[in-house]
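J.: Just passing along the structure, written as structure tokens.
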Amino acid sequence: MSETHSHDDDWPYPHPQQPDIEDGPLTDLMIMTDAVAELLIDKEVFSADDMRRTLEAIDSKSPAEGARMVAHAWLDPDFKARMLEDVNAAAEEMSIDAGTIPILAVENTKDIHNVIVCTLCSCYPKYLLGLPPDWYKSRAYRSRLVREPRAVLKEFGTEIPDDVEVRVHDSTAELRYMILPMRPKGTEDMDEEALAGLVTRDCMIGVTVIDRD
Amino acid sequence: MRRHHDMGGLDAGPVDPAEHDYTPWEKRVDAIVRLLAGKERRLITLDEHRRAMEDLGPGAYDELSYYERWISAITNILIEKGVISVEELGGKMEAVKARWQEARE
């Protein structure tokens, strides 16, 4: 296909473009993004349909899926054991696609609080939890968490008692982490759906603990 | 020697808790990378992508936004591997730009 062909059939995004909903003015790198996507579609590296489906997959992921797994693990010790062994396989049991990059769940206990970071870039279990918050990718978070985790957690309003060990897990391209938070007290009567409602993205990153009002 | 992306343990200011919703453009960059690195194609690896971002140099690394770094790096890799050429990219960017300008008028 040439660069003058019509995109009515294979343009993977709503057409015509709606630059006004984009963040700020059009930049050369935004133009380059669409140019690269079109070239790869022209060259049949992937199809417009692949692009559309991938964008849908990105939009379909949210912390809710991780929260469902956490709630299920709280109620089913056998499932919890399998989740701590292999998150991706445990997700599949619940018909959740956690992607192909291995995710390791680390469990918070009364003695150990865990928190995740990626100091070298921005590795995050996004195939399970959705795209990461901006601060996760920030220089401040990446630099400081490994050296002064308690101070960073305080900035999120999280005070970890001195007798609780804080462990920081540094993610890589090959292994990502998620936190299995502690089930809060006083939730014995709650069902799985209600429990899942307590589990936030930030407590699965480990910067907060579940706080019940 | 510590390179500029290797920031674990360094001093930095407070964590800015502000978040923004990802724009359609940013998601497109993410989708391109997922498709190229995914198990069906494996045209790039995530380590390769990270390396290409680090090779943008300290200035670009800090001045570009997150997904600007991503698309810059992925484009460099595609050119290096001969998947696309600089000429093709230039021509296509002109076409995309013209189409956008037309849509805005």
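By order in the structure tokens, chains are A, B, ...; within a chain, residues start at 1; ligands start at 1, following the order shown.
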Return as an mmCIF file with C-alpha atoms, in the first residue's frame the residues belonging to chain A that are within 7 Å of chain B, counting only C-alpha atoms.
T.:
data_model
loop_
_atom_site.group_PDB
_atom_site.id
_atom_site.type_symbol
_atom_site.label_atom_id
_atom_site.label_comp_id
_atom_site.auth_asym_id
_atom_site.auth_seq_id
_atom_site.Cartn_x
_atom_site.Cartn_y
_atom_site.Cartn_z
ATOM 1 C CA GLU A 3 1.097 6.412 1.643
ATOM 2 C CA PRO A 16 -11.217 11.340 11.210
ATOM 3 C CA GLN A 17 -8.637 11.986 13.870
ATOM 4 C CA GLU A 22 -5.434 14.742 22.651
ATOM 5 C CA ASP A 23 -3.326 16.114 25.440
ATOM 6 C CA LEU A 29 6.427 12.545 18.149
ATOM 7 C CA MET A 30 2.641 12.115 18.038
ATOM 8 C CA ILE A 31 2.837 12.370 14.261
ATOM 9 C CA MET A 32 5.708 9.891 14.282
ATOM 10 C CA THR A 33 3.646 7.462 16.346
ATOM 11 C CA ALA A 35 3.406 7.227 10.934
ATOM 12 C CA VAL A 36 5.202 4.249 12.488
ATOM 13 C CA ALA A 37 1.905 2.446 13.133
ATOM 14 C CA MET A 51 -3.832 -2.650 16.636
ATOM 15 C CA THR A 54 -4.495 -4.365 21.435
ATOM 16 C CA LEU A 55 -5.948 -0.943 22.216
ATOM 17 C CA THR A 119 14.425 1.496 39.518
ATOM 18 C CA LEU A 120 15.781 1.023 35.992
ATOM 19 C CA PRO A 133 0.251 5.632 37.774
ATOM 20 C CA ASP A 134 2.579 8.451 36.743
ATOM 21 C CA TRP A 135 4.394 8.569 40.061
ATOM 22 C CA ALA A 140 11.591 10.574 42.731
ATOM 23 C CA TYR A 141 9.864 7.227 43.319
ATOM 24 C CA ARG A 142 12.413 5.176 41.377
ATOM 25 C CA SER A 143 15.378 6.832 43.074
ATOM 26 C CA ARG A 144 14.256 6.991 46.666
ATOM 27 C CA VAL A 146 15.006 1.521 47.589
ATOM 28 C CA ARG A 147 16.920 3.723 50.029
ATOM 29 C CA ALA A 173 11.570 -6.998 32.222
#
J.: Looking only at helix (DSSP H, G or I) from DSSP on the backbone, list the matching residues of segment 4-65 of chain B as number ranges by chain.
T.: B: 24-37, 46-54, 57-63
J.: Print the selection's residues with N, CA and C atoms to a file, as a compact mmCIF listing (two decimals), in the first residue's frame.
T.:
# COMPACT_ATOMS: atom_id res chain seq x y z
N PRO B 24 -5.25 8.84 24.10
CA PRO B 24 -5.27 7.85 23.02
C PRO B 24 -3.90 7.69 22.36
N TRP B 25 -3.21 8.81 22.21
CA TRP B 25 -1.88 8.74 21.59
C TRP B 25 -0.92 7.87 22.41
N GLU B 26 -0.92 8.05 23.72
CA GLU B 26 -0.02 7.26 24.57
C GLU B 26 -0.36 5.77 24.49
N LYS B 27 -1.65 5.48 24.45
CA LYS B 27 -2.05 4.08 24.35
C LYS B 27 -1.62 3.46 23.02
N ARG B 28 -1.62 4.29 21.97
CA ARG B 28 -1.17 3.77 20.66
C ARG B 28 0.31 3.38 20.73
N VAL B 29 1.11 4.21 21.40
CA VAL B 29 2.53 3.86 21.54
C VAL B 29 2.65 2.54 22.30
N ASP B 30 1.90 2.41 23.37
CA ASP B 30 1.94 1.18 24.17
C ASP B 30 1.52 -0.02 23.31
N ALA B 31 0.51 0.18 22.50
CA ALA B 31 0.02 -0.92 21.66
C ALA B 31 1.07 -1.34 20.64
N ILE B 32 1.74 -0.37 20.03
CA ILE B 32 2.79 -0.70 19.05
C ILE B 32 3.87 -1.56 19.71
N VAL B 33 4.30 -1.13 20.90
CA VAL B 33 5.37 -1.87 21.59
C VAL B 33 4.88 -3.27 21.97
N ARG B 34 3.65 -3.36 22.47
CA ARG B 34 3.12 -4.69 22.83
C ARG B 34 3.10 -5.62 21.63
N LEU B 35 2.67 -5.08 20.48
CA LEU B 35 2.56 -5.93 19.29
C LEU B 35 3.95 -6.37 18.81
N LEU B 36 4.91 -5.46 18.85
CA LEU B 36 6.25 -5.81 18.35
C LEU B 36 6.97 -6.77 19.29
N ALA B 37 6.72 -6.62 20.61
CA ALA B 37 7.43 -7.45 21.59
C ALA B 37 6.67 -8.73 21.92
N LEU B 46 12.00 -6.44 25.39
CA LEU B 46 11.81 -5.30 26.28
C LEU B 46 13.16 -4.73 26.74
N ASP B 47 14.16 -5.61 26.86
CA ASP B 47 15.49 -5.12 27.24
C ASP B 47 16.07 -4.24 26.13
N GLU B 48 15.83 -4.67 24.91
CA GLU B 48 16.30 -3.91 23.75
C GLU B 48 15.64 -2.52 23.74
N HIS B 49 14.35 -2.51 24.06
CA HIS B 49 13.62 -1.25 24.08
C HIS B 49 14.17 -0.33 25.17
N ARG B 50 14.42 -0.92 26.34
CA ARG B 50 14.96 -0.12 27.44
C ARG B 50 16.33 0.42 27.07
N ARG B 51 17.15 -0.43 26.47
CA ARG B 51 18.49 -0.01 26.06
C ARG B 51 18.40 1.17 25.08
N ALA B 52 17.47 1.08 24.14
CA ALA B 52 17.32 2.16 23.16
C ALA B 52 16.88 3.45 23.84
N MET B 53 16.09 3.34 24.89
CA MET B 53 15.70 4.55 25.62
C MET B 53 16.88 5.15 26.36
N GLU B 54 17.69 4.27 26.95
CA GLU B 54 18.88 4.76 27.65
C GLU B 54 19.84 5.43 26.67
N GLY B 57 20.22 9.25 25.65
CA GLY B 57 21.11 10.18 26.35
C GLY B 57 20.40 10.89 27.48
N PRO B 58 21.20 11.41 28.44
CA PRO B 58 20.63 12.01 29.64
C PRO B 58 19.67 13.16 29.34
N GLY B 59 19.98 14.00 28.37
CA GLY B 59 19.11 15.14 28.07
C GLY B 59 17.73 14.70 27.63
N ALA B 60 17.72 13.89 26.57
CA ALA B 60 16.43 13.43 26.04
C ALA B 60 15.69 12.60 27.07
N TYR B 61 16.42 11.79 27.82
CA TYR B 61 15.78 10.90 28.81
C TYR B 61 14.97 11.71 29.80
N ASP B 62 15.50 12.87 30.21
CA ASP B 62 14.80 13.66 31.22
C ASP B 62 13.83 14.67 30.63
N GLU B 63 14.08 15.08 29.39
CA GLU B 63 13.22 16.13 28.82
C GLU B 63 11.99 15.55 28.14
J.: Would you kindly return, as a PDB file with C-alpha atoms, in the first residue's frame, each protein, DNA or RNA residue with an atom no farther than 7 Å from any atom of segment 69-86 of chain A, considering only C-alpha atoms and excluding same-chain residues fewer than 2 positions away?
T.:
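Saved the output as part_26.pdb:
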ATOM      1  CA  GLU A  65      -8.864  -7.933  38.081  1.00  0.00           C
ATOM      2  CA  GLY A  66      -6.006  -8.009  40.566  1.00  0.00           C
ATOM      3  CA  ALA A  67      -8.474  -7.096  43.299  1.00  0.00           C
ATOM      4  CA  ASN A  88      -0.262 -16.015  35.812  1.00  0.00           C
ATOM      5  CA  ALA A  89      -1.579 -19.572  36.155  1.00  0.00           C
ATOM      6  CA  ALA A  90      -3.792 -18.634  39.107  1.00  0.00           C
ATOM      7  CA  LEU A 104       5.319 -12.888  41.491  1.00  0.00           C
ATOM      8  CA  ALA A 105       2.878 -12.136  44.298  1.00  0.00           C
ATOM      9  CA  VAL A 106       4.464 -11.229  47.617  1.00  0.00           C
ATOM     10  CA  LEU A 180      -1.011  -9.576  48.230  1.00  0.00           C
ATOM     11  CA  ARG A 183      -7.114  -8.938  54.802  1.00  0.00           C
ATOM     12  CA  GLU A 192     -15.772 -12.060  47.720  1.00  0.00           C
ATOM     13  CA  LEU A 195     -13.796  -7.879  49.701  1.00  0.00           C
ATOM     14  CA  ALA A 196     -12.544  -7.159  46.186  1.00  0.00           C
TER      15      ALA A 196
END
J.: Mind giving me the straight-line distance from atom CA of Ala73 of chain B to atom CA of Arg53 of chain A in Å, one decimal?
T.: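 Going from atom CA of Ala73 of chain B over to atom CA of Arg53 of chain A, I get 23.2 Å.
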J.: Provide the atom CA of Gly186 of chain A to atom CA of Ile210 of chain A distance in Å, to one decimal place.
T.: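 Answer for the atom CA of Gly186 of chain A to atom CA of Ile210 of chain A separation: 12.1 Å.
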